[in-house]
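Raw contents of query_15.pdb, PDB, C-alpha atoms, pLDDT in the B column:
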```pdb
ATOM      1  CA  GLY H   1     137.966-147.443 -73.892  1.00 79.00           C
ATOM      2  CA  ILE H   2     134.779-149.404 -74.179  1.00 84.00           C
ATOM      3  CA  GLY H   3     135.896-151.961 -71.565  1.00 82.00           C
ATOM      4  CA  ALA H   4     136.417-149.276 -68.938  1.00 83.00           C
ATOM      5  CA  ALA H   5     133.013-147.794 -69.743  1.00 81.00           C
ATOM      6  CA  ALA H   6     131.363-151.201 -69.373  1.00 81.00           C
ATOM      7  CA  LEU H   7     133.082-151.873 -66.046  1.00 84.00           C
ATOM      8  CA  SER H   8     132.490-148.403 -64.600  1.00 85.00           C
ATOM      9  CA  GLY H   9     128.873-149.175 -63.656  1.00 85.00           C
ATOM     10  CA  LEU H  10     129.370-152.834 -62.790  1.00 86.00           C
ATOM     11  CA  HIS H  11     129.558-152.296 -59.029  1.00 83.00           C
ATOM     12  CA  LYS H  12     126.171-150.541 -59.066  1.00 87.00           C
ATOM     13  CA  GLU H  13     124.600-153.443 -60.948  1.00 88.00           C
ATOM     14  CA  VAL H  14     126.034-156.003 -58.517  1.00 87.00           C
ATOM     15  CA  VAL H  15     124.769-154.044 -55.498  1.00 85.00           C
ATOM     16  CA  SER H  16     121.311-153.606 -57.023  1.00 89.00           C
ATOM     17  CA  TYR H  17     121.137-157.329 -57.908  1.00 90.00           C
ATOM     18  CA  PHE H  18     121.887-158.463 -54.355  1.00 87.00           C
ATOM     19  CA  THR H  19     119.677-155.745 -52.873  1.00 88.00           C
ATOM     20  CA  GLY H  20     116.809-156.972 -55.055  1.00 91.00           C
ATOM     21  CA  LYS H  21     117.375-160.522 -53.767  1.00 91.00           C
ATOM     22  CA  ASN H  22     117.496-159.256 -50.126  1.00 88.00           C
ATOM     23  CA  VAL H  23     121.033-160.614 -49.685  1.00 85.00           C
ATOM     24  CA  ALA H  24     123.043-158.630 -47.156  1.00 78.00           C
ATOM     25  CA  PRO H  25     126.840-158.790 -46.906  1.00 77.00           C
ATOM     26  CA  ARG H  26     128.110-161.391 -44.448  1.00 77.00           C
ATOM     27  CA  ARG H  27     129.400-160.201 -41.074  1.00 74.00           C
ATOM     28  CA  LEU H  28     128.619-156.577 -41.891  1.00 75.00           C
ATOM     29  CA  ASP H  29     127.832-155.927 -38.227  1.00 77.00           C
ATOM     30  CA  VAL H  30     131.447-156.779 -37.375  1.00 78.00           C
ATOM     31  CA  LEU H  31     132.878-154.402 -39.983  1.00 77.00           C
ATOM     32  CA  GLU H  32     130.494-151.421 -39.763  1.00 81.00           C
ATOM     33  CA  ASP H  33     128.412-149.690 -37.139  1.00 83.00           C
ATOM     34  CA  PRO H  34     124.624-149.304 -37.727  1.00 81.00           C
ATOM     35  CA  SER H  35     125.143-146.008 -39.585  1.00 82.00           C
ATOM     36  CA  GLY H  36     127.573-147.601 -42.070  1.00 78.00           C
ATOM     37  CA  VAL H  37     130.821-146.176 -40.709  1.00 83.00           C
ATOM     38  CA  PRO H  38     133.704-148.707 -40.705  1.00 80.00           C
ATOM     39  CA  ILE H  39     134.695-149.925 -37.244  1.00 82.00           C
ATOM     40  CA  GLN H  40     138.325-149.168 -36.467  1.00 81.00           C
ATOM     41  CA  LYS H  41     140.469-152.105 -35.385  1.00 76.00           C
ATOM     42  CA  PRO H  42     143.153-151.331 -32.804  1.00 73.00           C
ATOM     43  CA  ILE H  43     146.687-152.195 -33.883  1.00 72.00           C
ATOM     44  CA  PRO H  44     148.570-153.662 -30.927  1.00 71.00           C
ATOM     45  CA  MET H  45     152.118-152.501 -30.234  1.00 71.00           C
ATOM     46  CA  ALA H  46     154.846-155.039 -29.590  1.00 66.00           C
ATOM     47  CA  PRO H  47     156.551-154.541 -26.210  1.00 67.00           C
ATOM     48  CA  GLY H  48     159.588-152.257 -26.413  1.00 61.00           C
ATOM     49  CA  LYS H  49     158.723-150.850 -29.847  1.00 53.00           C
ATOM     50  CA  VAL H  50     158.857-147.138 -30.578  1.00 53.00           C
ATOM     51  CA  GLU H  51     155.446-145.628 -29.985  1.00 51.00           C
ATOM     52  CA  GLU H  52     154.538-142.541 -32.002  1.00 52.00           C
ATOM     53  CA  THR H  53     152.473-139.776 -30.480  1.00 52.00           C
ATOM     54  CA  LYS H  54     150.726-136.941 -32.273  1.00 51.00           C
ATOM     55  CA  SER H  55     151.583-133.362 -31.512  1.00 50.00           C
ATOM     56  CA  ALA H  56     149.020-130.594 -31.150  1.00 53.00           C
ATOM     57  CA  ASN H  57     148.991-129.916 -34.896  1.00 53.00           C
ATOM     58  CA  GLY H  58     148.320-133.587 -35.696  1.00 52.00           C
ATOM     59  CA  SER H  59     151.697-134.499 -37.178  1.00 50.00           C
ATOM     60  CA  ARG H  60     153.799-137.360 -35.884  1.00 51.00           C
ATOM     61  CA  THR H  61     156.752-135.571 -34.413  1.00 48.00           C
ATOM     62  CA  SER H  62     157.592-137.038 -31.039  1.00 47.00           C
ATOM     63  CA  THR H  63     158.365-140.622 -30.137  1.00 48.00           C
ATOM     64  CA  LYS H  64     158.741-142.461 -26.877  1.00 48.00           C
ATOM     65  CA  MET H  65     159.704-145.959 -25.867  1.00 47.00           C
ATOM     66  CA  SER H  66     156.908-148.108 -24.515  1.00 44.00           C
ATOM     67  CA  ASN H  67     158.192-149.722 -21.311  1.00 47.00           C
ATOM     68  CA  ALA H  68     154.797-150.668 -19.928  1.00 46.00           C
ATOM     69  CA  SER H  69     154.208-154.360 -19.820  1.00 50.00           C
ATOM     70  CA  SER H  70     151.312-155.565 -21.882  1.00 49.00           C
ATOM     71  CA  PRO H  71     148.530-157.837 -20.628  1.00 51.00           C
ATOM     72  CA  ALA H  72     149.939-160.563 -22.879  1.00 50.00           C
ATOM     73  CA  GLN H  73     153.291-160.317 -21.105  1.00 51.00           C
ATOM     74  CA  SER H  74     151.709-160.577 -17.680  1.00 48.00           C
ATOM     75  CA  ARG H  75     149.683-163.619 -18.770  1.00 50.00           C
ATOM     76  CA  ALA H  76     152.773-165.220 -20.278  1.00 50.00           C
ATOM     77  CA  SER H  77     154.737-164.745 -17.060  1.00 48.00           C
ATOM     78  CA  THR H  78     152.050-166.479 -15.012  1.00 46.00           C
ATOM     79  CA  LYS H  79     151.962-169.529 -17.284  1.00 48.00           C
ATOM     80  CA  THR H  80     154.102-172.467 -16.385  1.00 50.00           C
ATOM     81  CA  ASN H  81     156.742-173.695 -18.788  1.00 50.00           C
ATOM     82  CA  ALA H  82     155.061-177.079 -19.092  1.00 49.00           C
ATOM     83  CA  GLU H  83     152.922-177.394 -22.204  1.00 57.00           C
ATOM     84  CA  PRO H  84     150.225-179.978 -22.726  1.00 76.00           C
ATOM     85  CA  LYS H  85     151.420-183.080 -24.573  1.00 80.00           C
ATOM     86  CA  ALA H  86     149.072-182.491 -27.496  1.00 74.00           C
ATOM     87  CA  GLU H  87     150.414-178.968 -27.985  1.00 77.00           C
ATOM     88  CA  LYS H  88     154.007-180.233 -27.924  1.00 82.00           C
ATOM     89  CA  LYS H  89     153.171-182.940 -30.455  1.00 81.00           C
ATOM     90  CA  ALA H  90     151.557-180.399 -32.757  1.00 77.00           C
ATOM     91  CA  LYS H  91     154.615-178.119 -32.576  1.00 81.00           C
ATOM     92  CA  GLU H  92     156.951-181.037 -33.282  1.00 85.00           C
ATOM     93  CA  LYS H  93     154.791-182.080 -36.228  1.00 82.00           C
ATOM     94  CA  LEU H  94     154.859-178.541 -37.644  1.00 81.00           C
ATOM     95  CA  ALA H  95     158.627-178.334 -37.174  1.00 85.00           C
ATOM     96  CA  SER H  96     159.103-181.546 -39.145  1.00 87.00           C
ATOM     97  CA  LEU H  97     157.168-180.252 -42.186  1.00 83.00           C
ATOM     98  CA  PRO H  98     159.148-179.532 -45.358  1.00 87.00           C
ATOM     99  CA  PRO H  99     159.898-175.828 -45.927  1.00 87.00           C
ATOM    100  CA  TYR H 100     157.508-175.642 -48.887  1.00 87.00           C
ATOM    101  CA  LEU H 101     154.570-176.816 -46.765  1.00 87.00           C
ATOM    102  CA  LYS H 102     155.467-174.375 -43.986  1.00 88.00           C
ATOM    103  CA  GLU H 103     155.479-171.508 -46.504  1.00 90.00           C
ATOM    104  CA  GLU H 104     152.151-172.589 -48.011  1.00 90.00           C
ATOM    105  CA  ARG H 105     150.612-172.930 -44.551  1.00 90.00           C
ATOM    106  CA  GLU H 106     151.738-169.422 -43.580  1.00 91.00           C
ATOM    107  CA  ARG H 107     150.502-168.018 -46.909  1.00 93.00           C
ATOM    108  CA  LEU H 108     147.059-169.546 -46.351  1.00 93.00           C
ATOM    109  CA  VAL H 109     146.898-168.323 -42.739  1.00 92.00           C
ATOM    110  CA  LYS H 110     147.806-164.759 -43.765  1.00 93.00           C
ATOM    111  CA  ALA H 111     145.292-164.782 -46.620  1.00 92.00           C
ATOM    112  CA  ALA H 112     142.476-166.054 -44.397  1.00 92.00           C
ATOM    113  CA  GLU H 113     143.356-163.544 -41.656  1.00 92.00           C
ATOM    114  CA  GLY H 114     143.268-160.807 -44.285  1.00 92.00           C
ATOM    115  CA  LEU H 115     139.696-161.821 -45.055  1.00 90.00           C
ATOM    116  CA  GLY H 116     138.773-161.473 -41.372  1.00 90.00           C
ATOM    117  CA  TYR H 117     138.629-165.096 -40.233  1.00 90.00           C
ATOM    118  CA  PRO H 118     139.830-165.784 -36.673  1.00 90.00           C
ATOM    119  CA  LYS H 119     143.116-167.665 -36.202  1.00 89.00           C
ATOM    120  CA  PRO H 120     141.637-170.532 -34.137  1.00 88.00           C
ATOM    121  CA  GLN H 121     139.153-171.309 -36.904  1.00 88.00           C
ATOM    122  CA  ILE H 122     141.933-171.233 -39.527  1.00 89.00           C
ATOM    123  CA  TYR H 123     144.234-173.494 -37.510  1.00 87.00           C
ATOM    124  CA  ARG H 124     141.390-175.912 -36.779  1.00 86.00           C
ATOM    125  CA  ALA H 125     140.655-176.304 -40.499  1.00 87.00           C
ATOM    126  CA  LEU H 126     144.345-176.830 -41.238  1.00 88.00           C
ATOM    127  CA  GLN H 127     144.613-179.392 -38.448  1.00 85.00           C
ATOM    128  CA  GLU H 128     141.592-181.305 -39.755  1.00 85.00           C
ATOM    129  CA  GLY H 129     143.091-181.270 -43.242  1.00 86.00           C
ATOM    130  CA  VAL H 130     142.817-179.158 -46.365  1.00 87.00           C
ATOM    131  CA  PRO H 131     142.969-181.097 -49.650  1.00 88.00           C
ATOM    132  CA  ALA H 132     144.596-178.307 -51.699  1.00 88.00           C
ATOM    133  CA  ALA H 133     146.787-175.277 -51.010  1.00 88.00           C
ATOM    134  CA  SER H 134     144.344-172.601 -52.142  1.00 89.00           C
ATOM    135  CA  ILE H 135     142.468-170.024 -50.122  1.00 89.00           C
ATOM    136  CA  GLU H 136     139.177-171.084 -51.718  1.00 89.00           C
ATOM    137  CA  VAL H 137     139.603-174.676 -50.500  1.00 89.00           C
ATOM    138  CA  LEU H 138     140.644-173.526 -47.017  1.00 89.00           C
ATOM    139  CA  LEU H 139     137.548-171.300 -46.746  1.00 87.00           C
ATOM    140  CA  ASP H 140     135.349-174.145 -47.963  1.00 87.00           C
ATOM    141  CA  CYS H 141     136.794-176.421 -45.277  1.00 85.00           C
ATOM    142  CA  MET H 142     136.300-173.754 -42.596  1.00 85.00           C
ATOM    143  CA  LEU H 143     132.716-172.983 -43.573  1.00 85.00           C
ATOM    144  CA  ASN H 144     131.461-176.465 -44.432  1.00 83.00           C
ATOM    145  CA  GLY H 145     133.708-178.851 -42.529  1.00 79.00           C
ATOM    146  CA  GLY H 146     134.017-179.779 -38.899  1.00 68.00           C
ATOM    147  CA  TYR H 147     132.341-181.893 -36.295  1.00 63.00           C
ATOM    148  CA  GLY H 148     128.684-182.657 -36.936  1.00 58.00           C
ATOM    149  CA  LYS H 149     128.581-181.481 -40.542  1.00 62.00           C
ATOM    150  CA  SER H 150     127.917-183.777 -43.472  1.00 56.00           C
ATOM    151  CA  PRO H 151     130.785-184.364 -45.884  1.00 52.00           C
TER
END
```
Can you give me the file's structure in the form of structure tokens?
Amino acid sequence: GIGAAALSGLHKEVVSYFTGKNVAPRRLDVLEDPSGVPIQKPIPMAPGKVEETKSANGSRTSTKMSNASSPAQSRASTKTNAEPKAEKKAKEKLASLPPYLKEERERLVKAAEGLGYPKPQIYRALQEGVPAASIEVLLDCMLNGGYGKSP
């Protein structure tokens, strides 16, 4: 109807508005190459998972088990079992959280990761404290909070 017709050209108006203001999308260089083609992100395989390979005609027909050890496995084997005290305390503190808070924390982490924010930045904001369980508040804390920034 009339609503669909009104919304059909909305994206063009938004783009032209921001183009007129010389506002470029944030972190576009991370998501696209200079010609505007999206940059592909590699999807890591978990060790021992079935790895699909493409046949000559492009279909996924053959599978093989991945027995090669990953760099993460080799790093993990060289680490000692002793963890720093602060890391142990943080894990104990997380384990003692009520189930609801654990679920909300995981929901916020997944939502922020989906928007492209790095895990260390997300965890740092959560460690410093987020006053509400919404993605908007978490992003505000990540972007405007932290050491050396005014409250």
Give me, please, the distance in Å between atom CA of H:Pro34 and atom CA of H:Val15, quoted to one decimal.
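Those two atoms sit 18.4 Å apart.
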Within 10 Å of H:Lys110 using all atoms listed in the file, minus same-chain residues under 6 positions, as a list in words:
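So the residues in contact are Glu104, Gly116, Tyr117, Lys119, Ile122 and Ile135 of chain H.
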note - atom CA of H:Pro118 and atom CA of H:Tyr17 are separated by 29.5 Å
Would you mind reading off the distance between atom CA of H:Leu126 and atom CA of H:Glu92, one decimal, in Å?
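Result for atom CA of H:Leu126 versus atom CA of H:Glu92: 15.5 Å, one decimal.
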Among listed residues H:Ala86, H:Val14, H:Leu115, H:Ala95, nearest H:Arg27 (using only C-alpha atoms)
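Of H:Ala86, H:Val14, H:Leu115, H:Ala95, the one nearest H:Arg27, counting only C-alpha atoms, is H:Leu115.
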If we count all atoms listed in the file and set the cut-off at 10 Å, which residues sit around H:Gln40, ignoring sequence neighbours fewer than 5 positions away in its own chain? Please answer as a list in words.
Leu31, Glu32 and Asp33 of chain H
Would you compute, for all listed atoms of stretch 25-41 of chain H, the axis-aligned bounding box grown by 4 Å on each side, and then report its centre and edge lengths in Å rounded to one decimal, as JSON?
```
{"center_x": 132.5, "center_y": -153.7, "center_z": -41.1, "size_x": 23.8, "size_y": 23.4, "size_z": 19.5}
```
